[in-house]
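Participant: Mind having a look at this structure? Questions to follow.
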Amino acid sequence: MKSKLAKFVLAMILLAALGNTTAAGTQVTQLQLYRDQGIDQTDQARGRQLWYSVVDGRGCTSCHGNNPAATGKHAKTGKTIEPMALSVSPARYQDGKKLEKWFLRNCKWTLGRQCSLQEKADLLTWLANQ
Ligand code: HEC
């Protein structure tokens, strides 16, 4: 009996702790997934710096524009790209598959390489706070 009670109490404590982390998390699930994969700190300033960096004439802003809250224009096709700022485009960053697909494609096109987990976490933190 005693051990059953102890287990119950332990389960309650664990549940309470879990509840807390979810409540403190952001609305972007992918950020939580990055944390689960070992990213314990994200840095908005670093994300911003990478976003605005230009390598061989290419940067994230080549297509997404200088203002993340404004509409972008694809550098090659000229197609309109909806704003990246989560405050203006609340539907963004909700689909992990879409996110990873575009991170892969865009980091390669822009930087000539994949972005690391840390870079993606920093970029996403910055974008989600715009
Ligand atoms: C050559 C043009 C181009 C460049 C350069 C570019 N992107 Fe994109 N990006 C796109 C297009 C097109 C989409 C998909 C359309 C959309 O989501 O509106 C997209 C989508 C994304 C998404 C998915 C957003 C979501 O809704 O989930 C992320 C994240 C992203 N880009 C990040 C970046 C980052 C970081 C860089 C710089 C390393 C970058 N992009 C550079 C064209 C570009």
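Chain identifiers are assigned as A, B, and so on, following the order in which chains appear in the structure tokens; residues are numbered from 1 within each chain, and ligands are numbered from 1 in order of appearance.
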Taking the chain letters and numbering used in this document, name the residues of chain A that DSSP puts in alpha helix (DSSP H), as a PyMOL selection string.
Facilitator: chain A and resi 2-24+29-36+44-52+61-64+96-111+117-128
Participant: Looking only at the backbone, which of the residues in chain A does DSSP tag as strand (DSSP E or B), as a ChimeraX atom specification?
Facilitator: /A:55,58,72-73,80-81
Participant: Check which residues of chain A sit at most 9 Å from ligand 1 using only C-alpha atoms and all ligand atoms, and return one row each with the closest pair of atoms and their distance in Å to one decimal, ordered by chain and rising number, as a tab-separated table.
Facilitator:
```
residue	atom	partner	partner_atom_place_in_ligand_line	distance
A:Gly47	CA	ligand 1	35 (C)	8.5
A:Leu50	CA	ligand 1	38 (C)	7.2
A:Trp51	CA	ligand 1	37 (C)	5.8
A:Tyr52	CA	ligand 1	37 (C)	8.2
A:Ser53	CA	ligand 1	38 (C)	8.6
A:Arg58	CA	ligand 1	5 (C)	6.6
A:Gly59	CA	ligand 1	5 (C)	5.6
A:Cys60	CA	ligand 1	37 (C)	3.3
A:Thr61	CA	ligand 1	5 (C)	6.4
A:Ser62	CA	ligand 1	5 (C)	5.0
A:Cys63	CA	ligand 1	2 (C)	4.3
A:His64	CA	ligand 1	7 (N)	6.1
A:Gly72	CA	ligand 1	18 (O)	8.6
A:Lys73	CA	ligand 1	2 (C)	7.9
A:His74	CA	ligand 1	2 (C)	4.9
A:Ala75	CA	ligand 1	1 (C)	5.5
A:Lys76	CA	ligand 1	1 (C)	6.4
A:Thr77	CA	ligand 1	1 (C)	8.3
A:Lys79	CA	ligand 1	12 (C)	7.7
A:Thr80	CA	ligand 1	18 (O)	7.9
A:Ile81	CA	ligand 1	18 (O)	4.6
A:Glu82	CA	ligand 1	18 (O)	5.0
A:Pro83	CA	ligand 1	18 (O)	7.4
A:Met84	CA	ligand 1	24 (C)	6.8
A:Leu86	CA	ligand 1	26 (O)	9.0
A:Ser89	CA	ligand 1	26 (O)	8.3
A:Ala91	CA	ligand 1	26 (O)	6.9
A:Arg92	CA	ligand 1	26 (O)	3.8
A:Tyr93	CA	ligand 1	27 (O)	3.9
A:Gln94	CA	ligand 1	27 (O)	6.4
A:Asp95	CA	ligand 1	27 (O)	6.1
A:Gly96	CA	ligand 1	27 (O)	7.3
A:Lys97	CA	ligand 1	27 (O)	8.3
A:Lys98	CA	ligand 1	27 (O)	5.4
A:Leu99	CA	ligand 1	27 (O)	4.2
A:Glu100	CA	ligand 1	29 (C)	7.4
A:Lys101	CA	ligand 1	23 (C)	7.7
A:Trp102	CA	ligand 1	21 (C)	4.8
A:Phe103	CA	ligand 1	32 (C)	5.3
A:Leu104	CA	ligand 1	32 (C)	8.7
A:Arg105	CA	ligand 1	7 (N)	7.8
A:Asn106	CA	ligand 1	41 (C)	4.5
A:Cys107	CA	ligand 1	38 (C)	4.2
A:Lys108	CA	ligand 1	38 (C)	7.6
A:Trp109	CA	ligand 1	5 (C)	6.4
A:Thr110	CA	ligand 1	38 (C)	5.3
A:Leu111	CA	ligand 1	38 (C)	6.4
A:Gln114	CA	ligand 1	38 (C)	8.9
A:Cys115	CA	ligand 1	38 (C)	7.7
A:Glu119	CA	ligand 1	35 (C)	8.6
A:Lys120	CA	ligand 1	35 (C)	7.2
A:Leu123	CA	ligand 1	35 (C)	6.1
A:Leu124	CA	ligand 1	29 (C)	6.8
A:Leu127	CA	ligand 1	29 (C)	8.1
```
Participant: Write out as number ranges by chain each polymer residue whose atoms come within 10 Å of Gln49 of chain A, counting only C-alpha atoms; drop sequence neighbours fewer than 4 positions from it.
Facilitator: A: 44-45, 53-54, 122-123, 126
Participant: Find, counting only C-alpha atoms, the residue in A:Gly112, A:Ala128, A:Gln37, A:Gly78 that gets nearest to Gly65 of chain A.
Facilitator: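 Checking each candidate against Gly65 of chain A, we get A:Gly78 as the closest.
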Participant: Atom CA of Gln30 of chain A and atom CA of Thr125 of chain A are how many Å apart?
Facilitator: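 Computing it gives 10.1 Å between the two atoms.
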Participant: Atom CA of Leu31 of chain A and atom CA of Val55 of chain A are how many Å apart?
Facilitator: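 Going from atom CA of Leu31 of chain A over to atom CA of Val55 of chain A covers 25.8 Å.
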Participant: Kindly give the distance, in Å, that separates atom CA of Ala85 of chain A and atom CA of Leu33 of chain A, rounded to a single decimal.
Facilitator: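 Atom CA of Ala85 of chain A sits 20.3 Å away from atom CA of Leu33 of chain A.
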Participant: When distances are computed from only C-alpha atoms, which of A:Arg35, A:Arg48, A:Lys7, A:Arg113 shows the smallest separation from Pro68 of chain A?
Facilitator: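 Result for the nearest residue to Pro68 of chain A: A:Arg48.
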